[in-house]
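One file, input-v4.cif, is given below (mmCIF, C-alpha atoms).
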data_entry
loop_
_atom_site.label_atom_id
_atom_site.label_comp_id
_atom_site.auth_asym_id
_atom_site.auth_seq_id
_atom_site.Cartn_x
_atom_site.Cartn_y
_atom_site.Cartn_z
CA MET A 29 182.13 -55.78 -181.06
CA PRO A 30 184.05 -54.83 -184.10
CA PRO A 31 183.32 -51.36 -185.44
CA MET A 32 180.77 -51.05 -188.12
CA SER A 33 181.93 -50.01 -191.50
CA PHE A 34 180.19 -48.19 -194.32
CA GLY A 35 178.50 -50.53 -196.71
CA GLN A 36 178.00 -53.20 -194.12
CA GLY A 37 174.58 -52.18 -192.73
CA GLY A 38 175.82 -49.72 -190.09
CA PRO A 39 174.73 -46.11 -189.88
CA GLN A 40 176.06 -43.95 -192.72
CA SER A 41 177.48 -40.46 -192.39
CA GLN A 42 175.10 -38.19 -194.40
CA TRP A 43 175.71 -34.70 -195.87
CA ASP A 44 173.34 -32.11 -194.42
CA PRO A 45 172.95 -29.30 -196.96
CA TRP A 46 171.73 -26.82 -194.23
CA LYS A 47 174.82 -27.21 -192.01
CA PRO A 48 178.05 -25.32 -192.51
CA GLN A 49 181.05 -27.14 -193.94
CA SER A 50 182.82 -27.24 -190.56
CA GLN A 51 179.92 -29.14 -188.94
CA GLN A 52 179.67 -31.88 -191.54
CA GLN A 53 180.96 -35.35 -190.62
CA PRO A 54 184.02 -36.41 -192.57
CA TRP A 55 183.61 -38.78 -195.33
CA ASN A 56 185.09 -42.23 -194.77
CA SER A 57 187.53 -42.85 -197.48
CA GLY A 58 186.71 -46.40 -197.28
CA GLY A 59 182.97 -45.90 -197.69
CA ASP A 60 180.72 -45.03 -200.54
CA SER A 61 181.34 -41.96 -202.68
CA PRO A 62 179.13 -38.82 -202.17
CA ASP A 63 175.76 -38.62 -203.87
CA TRP A 64 176.49 -35.80 -206.31
CA ALA A 65 172.94 -35.53 -207.51
CA ALA A 66 171.67 -34.94 -203.97
CA LEU A 67 174.38 -32.37 -203.38
CA ALA A 68 173.37 -30.48 -206.53
CA GLU A 69 169.73 -30.41 -205.49
CA ALA A 70 170.65 -29.16 -202.04
CA SER A 71 172.82 -26.42 -203.51
CA GLU A 72 170.00 -25.33 -205.84
CA ALA A 73 167.57 -25.20 -202.92
CA ARG A 74 170.01 -23.13 -200.91
CA ASN A 75 170.50 -20.63 -203.76
CA LYS A 76 166.75 -20.34 -204.32
CA ARG A 77 166.25 -19.57 -200.62
CA ARG A 78 168.87 -16.83 -200.81
CA ARG A 79 167.14 -15.28 -203.83
CA LEU A 80 163.82 -15.26 -201.98
CA LEU A 81 165.44 -13.59 -198.99
CA PHE A 82 167.04 -10.97 -201.24
CA ILE A 83 163.78 -10.24 -203.00
CA GLY A 84 161.97 -9.96 -199.65
CA GLY A 85 164.61 -7.61 -198.29
CA GLY A 86 164.31 -5.45 -201.41
CA ALA A 87 160.55 -5.19 -200.93
CA LEU A 88 161.04 -4.06 -197.33
CA ALA A 89 163.55 -1.47 -198.50
CA THR A 90 161.06 -0.19 -201.07
CA VAL A 91 158.38 0.15 -198.40
CA ALA A 92 160.84 2.08 -196.18
CA ILE A 93 161.72 4.45 -199.03
CA ALA A 94 158.03 5.08 -199.80
CA SER A 95 157.39 5.84 -196.13
CA ALA A 96 160.27 8.32 -196.08
CA VAL A 97 158.85 10.12 -199.14
CA ALA A 98 155.41 10.31 -197.49
CA VAL A 99 156.92 11.82 -194.36
CA ALA A 100 158.79 14.36 -196.46
CA VAL A 101 155.58 15.39 -198.25
CA VAL A 102 153.70 15.78 -194.95
CA SER A 103 156.55 17.85 -193.50
CA ALA A 104 156.49 20.12 -196.52
CA ASN A 105 152.82 20.80 -195.78
CA GLY A 106 154.00 22.82 -192.77
CA SER A 107 151.44 21.60 -190.26
CA GLY A 108 152.63 18.10 -189.52
CA GLN A 109 149.40 16.71 -191.00
CA ALA A 110 148.45 16.08 -194.57
CA SER A 111 145.96 18.66 -195.90
CA ASP A 112 142.65 17.13 -196.96
CA THR A 113 141.27 20.38 -198.48
CA PRO A 114 139.81 19.62 -201.89
CA THR A 115 141.21 21.63 -204.77
CA SER A 116 137.70 22.90 -205.56
CA GLN A 117 137.82 25.03 -202.38
CA LEU A 118 140.97 26.86 -203.39
CA PRO A 119 140.58 30.32 -205.01
CA SER A 120 140.49 30.33 -208.77
CA THR A 121 143.06 32.21 -210.81
CA ALA A 122 140.56 35.00 -211.49
CA ASP A 123 140.03 35.54 -207.75
CA ILE A 124 143.71 36.08 -207.03
CA PRO A 125 144.71 39.76 -207.56
CA SER A 126 147.54 40.23 -209.99
CA GLN A 127 150.52 42.46 -209.35
CA SER A 128 149.43 44.70 -212.22
CA ALA A 129 145.93 45.32 -210.80
CA ALA A 130 145.12 48.92 -209.95
CA PRO A 131 145.04 49.73 -206.20
CA PRO A 132 141.55 50.17 -204.70
CA SER A 133 140.23 53.68 -204.37
CA PHE A 134 138.43 55.00 -201.30
CA ALA A 135 135.87 57.77 -200.96
CA PRO A 136 136.66 60.64 -198.58
CA THR A 137 135.87 59.70 -195.00
CA SER A 138 134.71 63.13 -193.94
CA ALA A 139 132.72 65.95 -195.52
CA PRO A 140 133.82 69.56 -195.29
CA PRO A 141 132.52 71.34 -192.20
CA PRO A 142 129.19 73.13 -192.66
CA LEU A 143 129.10 76.88 -193.00
CA ASP A 144 128.53 78.77 -189.76
CA PRO A 145 125.30 80.81 -190.00
CA LYS A 146 126.61 83.35 -187.52
CA ASP A 147 129.43 84.27 -189.93
CA PHE A 148 126.83 85.62 -192.34
CA VAL A 149 125.26 87.97 -189.78
CA SER A 150 128.51 89.07 -188.16
CA SER A 151 129.72 91.35 -190.95
CA GLY A 152 127.96 93.70 -193.37
CA LYS A 153 130.21 92.39 -196.16
CA LYS A 154 128.63 88.91 -195.96
CA ASP A 155 125.17 89.84 -194.64
CA ARG A 156 123.76 90.93 -198.02
CA ALA A 157 120.16 89.65 -197.84
CA PRO A 158 117.34 92.23 -197.98
CA LEU A 159 116.50 93.74 -194.60
CA SER A 160 113.47 95.63 -193.24
CA ALA A 161 111.23 95.57 -190.17
CA ASP A 162 108.55 93.61 -192.04
CA ILE A 163 111.14 91.10 -193.36
CA LEU A 164 112.61 90.58 -189.91
CA PHE A 165 109.15 90.48 -188.27
CA PRO A 166 106.71 89.15 -190.89
CA GLY A 167 102.99 88.47 -190.64
CA THR A 168 100.25 90.11 -188.61
CA GLN A 169 100.64 88.19 -185.38
CA LEU A 170 103.12 86.08 -183.45
CA THR A 171 102.54 82.89 -181.47
CA MET A 172 104.96 81.98 -178.69
CA GLY A 173 103.93 78.84 -176.85
CA ASP A 174 100.24 79.24 -176.06
CA ILE A 175 100.22 83.05 -176.32
CA VAL A 176 99.29 85.00 -179.43
CA TYR A 177 100.64 88.53 -179.84
CA LYS A 178 99.09 90.95 -182.31
CA LYS A 179 101.48 92.82 -184.52
CA GLY A 180 101.22 96.65 -184.45
CA PRO A 181 103.20 99.41 -186.19
CA THR A 182 106.76 99.11 -187.58
CA ALA A 183 109.48 101.71 -188.19
CA ASP A 184 112.89 101.88 -189.88
CA THR A 185 115.17 104.84 -189.12
CA ARG A 186 118.68 105.62 -190.28
CA THR A 187 119.22 108.00 -187.36
CA CYS A 188 119.50 105.46 -184.56
CA ALA A 189 119.66 108.03 -181.73
CA SER A 190 116.23 109.43 -182.62
CA ALA A 191 114.59 106.08 -181.82
CA ALA A 192 116.30 105.70 -178.43
CA GLN A 193 116.34 107.51 -175.09
CA GLY A 194 118.31 107.69 -171.87
CA THR A 195 121.91 106.54 -172.32
CA LEU A 196 121.21 104.37 -175.38
CA PRO A 197 121.56 107.08 -178.07
CA LYS A 198 125.16 107.71 -177.05
CA ALA A 199 126.09 103.98 -177.17
CA LEU A 200 124.48 103.54 -180.59
CA THR A 201 126.06 106.62 -182.13
CA ALA A 202 129.54 106.01 -180.71
CA ASN A 203 129.71 102.55 -182.24
CA GLY A 204 128.40 103.37 -185.70
CA CYS A 205 124.79 102.20 -185.66
CA THR A 206 123.47 102.47 -189.23
CA ARG A 207 119.79 101.52 -188.79
CA LEU A 208 117.28 100.94 -186.04
CA LEU A 209 114.31 98.72 -186.90
CA ARG A 210 111.29 98.72 -184.55
CA VAL A 211 108.05 96.78 -184.21
CA THR A 212 105.33 96.71 -181.53
CA TYR A 213 103.25 93.70 -180.40
CA THR A 214 100.28 93.75 -178.04
CA LYS A 215 98.28 91.37 -175.90
CA GLY A 216 95.39 92.95 -174.09
CA GLU A 217 96.67 95.97 -172.15
CA ILE A 218 100.30 94.87 -172.47
CA ALA A 219 102.49 96.27 -175.24
CA VAL A 220 106.14 95.67 -176.11
CA THR A 221 108.39 97.38 -178.66
CA VAL A 222 111.38 95.50 -180.08
CA GLY A 223 114.25 97.55 -181.49
CA VAL A 224 117.06 96.00 -183.59
CA ALA A 225 120.15 98.15 -184.10
CA VAL A 226 122.33 97.31 -187.11
CA PHE A 227 126.15 97.71 -187.12
CA ASP A 228 128.81 96.92 -189.70
CA THR A 229 130.62 94.39 -187.52
CA GLU A 230 129.99 92.10 -184.58
CA ALA A 231 132.67 93.92 -182.59
CA GLN A 232 130.72 97.18 -182.83
CA ALA A 233 127.50 95.53 -181.66
CA LEU A 234 129.25 93.91 -178.71
CA LYS A 235 130.85 97.21 -177.70
CA ALA A 236 127.53 99.07 -177.90
CA LYS A 237 125.91 96.41 -175.75
CA ALA A 238 128.70 96.70 -173.19
CA GLN A 239 128.19 100.47 -172.95
CA THR A 240 124.48 100.21 -172.08
CA ASP A 241 123.00 100.36 -168.58
CA LYS A 242 119.56 100.41 -166.90
CA LYS A 243 118.83 103.81 -168.42
CA SER A 244 119.52 102.61 -172.00
CA ILE A 245 116.02 102.31 -173.45
CA VAL A 246 114.62 101.93 -176.96
CA ARG A 247 111.77 104.40 -177.62
CA SER A 248 108.33 102.72 -177.61
CA LEU A 249 106.43 102.72 -180.89
CA SER A 250 102.69 103.45 -180.88
CA GLY A 251 100.07 104.18 -183.49
CA GLY A 252 97.87 102.10 -185.74
CA GLY A 253 95.48 101.35 -182.91
CA VAL A 254 98.18 100.99 -180.27
CA LYS A 255 98.02 103.56 -177.46
CA SER A 256 101.09 105.36 -176.27
CA PHE A 257 102.90 103.46 -173.53
CA CYS A 258 106.10 103.68 -171.48
CA THR A 259 106.37 107.43 -171.94
CA GLY A 260 106.23 108.33 -168.25
CA ALA A 261 105.47 105.09 -166.43
CA VAL A 262 107.91 102.53 -165.15
CA CYS A 263 108.51 99.82 -167.79
CA ARG A 264 110.73 96.81 -168.12
CA SER A 265 113.60 96.77 -170.68
CA THR A 266 116.14 94.19 -171.97
CA THR A 267 119.38 94.38 -173.99
CA ASN A 268 121.28 91.71 -175.94
CA SER A 269 123.19 91.11 -179.20
CA TYR A 270 123.89 88.48 -181.86
CA GLY A 271 126.31 88.93 -184.71
CA ARG A 272 126.31 92.53 -185.92
CA TYR A 273 122.89 93.17 -184.38
CA ALA A 274 122.02 94.54 -180.94
CA TYR A 275 118.39 94.11 -179.92
CA PHE A 276 116.32 95.79 -177.18
CA THR A 277 112.82 95.53 -175.73
CA ILE A 278 110.61 97.91 -173.74
CA ALA A 279 107.40 96.41 -172.26
CA GLY A 280 104.62 97.99 -170.19
CA PHE A 281 100.89 98.74 -169.89
CA THR A 282 98.94 100.77 -172.41
CA ASP A 283 96.83 102.27 -169.56
CA GLY A 284 99.87 103.98 -168.03
CA LYS A 285 100.33 101.73 -164.99
CA ASN A 286 103.80 101.08 -163.65
CA VAL A 287 105.36 97.67 -164.09
CA THR A 288 106.18 95.97 -160.78
CA GLN A 289 107.84 92.66 -159.91
CA LYS A 290 104.38 91.10 -159.67
CA ALA A 291 103.60 91.89 -163.32
CA THR A 292 104.81 88.52 -164.56
CA ASP A 293 102.81 88.81 -167.77
CA VAL A 294 104.81 91.87 -168.75
CA PHE A 295 108.09 90.11 -168.01
CA ARG A 296 107.04 87.13 -170.08
CA THR A 297 105.97 89.35 -172.99
CA GLY A 298 109.33 91.11 -173.03
CA ASP A 299 111.21 87.78 -172.85
CA ASP A 300 109.12 86.24 -175.64
CA LEU A 301 109.79 89.13 -178.02
CA ALA A 302 113.50 89.21 -177.18
CA GLU A 303 113.68 85.46 -177.92
CA PHE A 304 111.82 85.95 -181.19
CA ALA A 305 114.21 88.72 -182.27
CA PHE A 306 117.18 86.43 -181.59
CA ARG A 307 115.60 83.58 -183.58
CA GLN A 308 114.87 85.83 -186.54
CA ILE A 309 118.44 87.14 -186.71
CA ARG A 310 119.79 83.60 -186.46
CA ARG A 311 117.40 82.36 -189.17
CA ARG A 312 118.67 85.16 -191.38
CA GLY A 313 122.17 83.75 -191.01
CA GLU A 314 120.98 80.16 -191.59
CA ALA A 315 119.19 81.12 -194.80
CA GLN A 316 122.27 82.83 -196.22
CA ALA A 317 124.55 79.95 -195.17
CA SER A 318 122.27 77.43 -196.91
CA ALA A 319 122.17 79.54 -200.07
CA ALA A 320 125.97 79.81 -200.09
CA ALA A 321 126.40 76.05 -199.61
CA ALA A 322 123.93 75.26 -202.41
CA GLY A 323 125.55 77.71 -204.78
#

Spell out the structure here as structure tokens.
Amino acid sequence: MPPMSFGQGGPQSQWDPWKPQSQQQPWNSGGDSPDWAALAEASEARNKRRRLLFIGGGALATVAIASAVAVAVVSANGSGQASDTPTSQLPSTADIPSQSAAPPSFAPTSAPPPLDPKDFVSSGKKDRAPLSADILFPGTQLTMGDIVYKKGPTADTRTCASAAQGTLPKALTANGCTRLLRVTYTKGEIAVTVGVAVFDTEAQALKAKAQTDKKSIVRSLSGGGVKSFCTGAVCRSTTNSYGRYAYFTIAGFTDGKNVTQKATDVFRTGDDLAEFAFRQIRRRGEAQASAAAAG
């Protein structure tokens, strides 16, 4: 069978606009000429497709750039996550202290130490409050616990040795005793005299106390309805000191009986009056310390 030729009803070689030039079938020089109108339309379609691809690629590039900016903003936030704190929760400008603001001031954290009451009764230079037997032992009676003691006579002597006996006069005189205040309290047949010796300094009072012994006795004070006691009988005595004061007690029976270890009431009476003397001297210091602090 003879070969078919273009223009004679056989299959024609067609130009495919989507194939590369190298894959197109050659034109038969003896056949029909190319359809230039179809070629132009194919070329226009191909160019339009390229423009669409270019526009699409540009859109993708824009999306990529926007994503990169978002990542950069999140990274600048410092936490790896975008902050969702509303601006209304941030401090206002007035709440932020300026560099020119004055530094805060603080009140002192501790108060000065209180005055020591003992300092005011340890030296005659500071212990300037009025002093007498009735000031130191006021009232007409004394209550200690459940016991009431009736106040008797008082005495104030500038010659300390005359109101003492045994080895006490020597201790008082040697250390510069200036006054000896005495008061007597009674309860039934029991009587006790309290003697308070006054010195210029605490050191003198301490030294006088150290020089006393069992024979160092303050002289009992009677009168004003109180019978004489502890003038020949055995009595119980105590000695102590606080500040520039040394204080003594002598306790016994007004009927002349001796005090024995079984006479617990006498021991208690002496201890009560010694405790009261200490409290009164301390209160004297407290009163002067309070006055000094207030002034």

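The space separating CA of Thr221 in chain A from CA of Leu234 in chain A comes to 21.1 Å.
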
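The gap separating CA of Ala233 in chain A from CA of Ser269 in chain A is 6.6 Å, in Å to one decimal.
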
I'd like the contact shell of range 225-227 of chain A - 12 Å cut-off, all atoms listed in the file, skipping same-chain residues fewer than 4 positions apart - returned as JSON, numbers by chain.
{"A": [149, 150, 151, 152, 153, 155, 159, 160, 161, 183, 184, 185, 186, 187, 188, 189, 191, 192, 196, 197, 199, 200, 201, 202, 203, 204, 205, 206, 207, 208, 209, 210, 231, 232, 233, 234, 235, 236, 237, 246, 267, 268, 269, 270, 271, 272, 273, 274, 275, 276, 277, 305, 309]}

Give me the residues near Gly252 in chain A as a ChimeraX atom specification, where near means some atom within 9 Å (using all atoms listed in the file) and where sequence neighbours in that chain fewer than 3 positions away do not count.
/A:180-181,255

Surrounding residues of range 256-264 of chain A excluding itself and chain neighbours under 3 positions, 7 Å, only C-alpha atoms, as a list in words
Ser248, Ser250, Ile278, Ala279, Gly280, Phe281, Thr282, Gly284, Lys285, Asn286 and Val287 of chain A

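Atom pair CA of Val254 in chain A / CA of Ala291 in chain A: separated by 20.0 Å.
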
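Comparing A:Gly251, A:Lys198, A:Lys290, A:Phe304 by their smallest distance to Leu164 in chain A, the closest is A:Phe304 (using only C-alpha atoms).
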
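Those residues positioned at most 10 Å from (119.5, 101.3, -167.4) are A:Gly194, A:Thr195, A:Leu196, A:Thr240, A:Asp241, A:Lys242, A:Lys243, A:Ser244, A:Ile245, A:Arg264, A:Ser265, A:Thr266, A:Thr267, judged using only C-alpha atoms.
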
Build an axis-aligned box that encloses every atom of range 252-268 of chain A listed in the file, pad it by 5 Å on each side, and report its centre and edge lengths in Å to one decimal, as JSON.
{"center_x": 108.4, "center_y": 100.0, "center_z": -175.4, "size_x": 35.8, "size_y": 26.6, "size_z": 30.6}

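With only C-alpha atoms as the atoms that count, the residue of A:Gly313, A:Thr214, A:Asp147, A:Asp299 with the shortest distance to Gln169 in chain A is A:Thr214.
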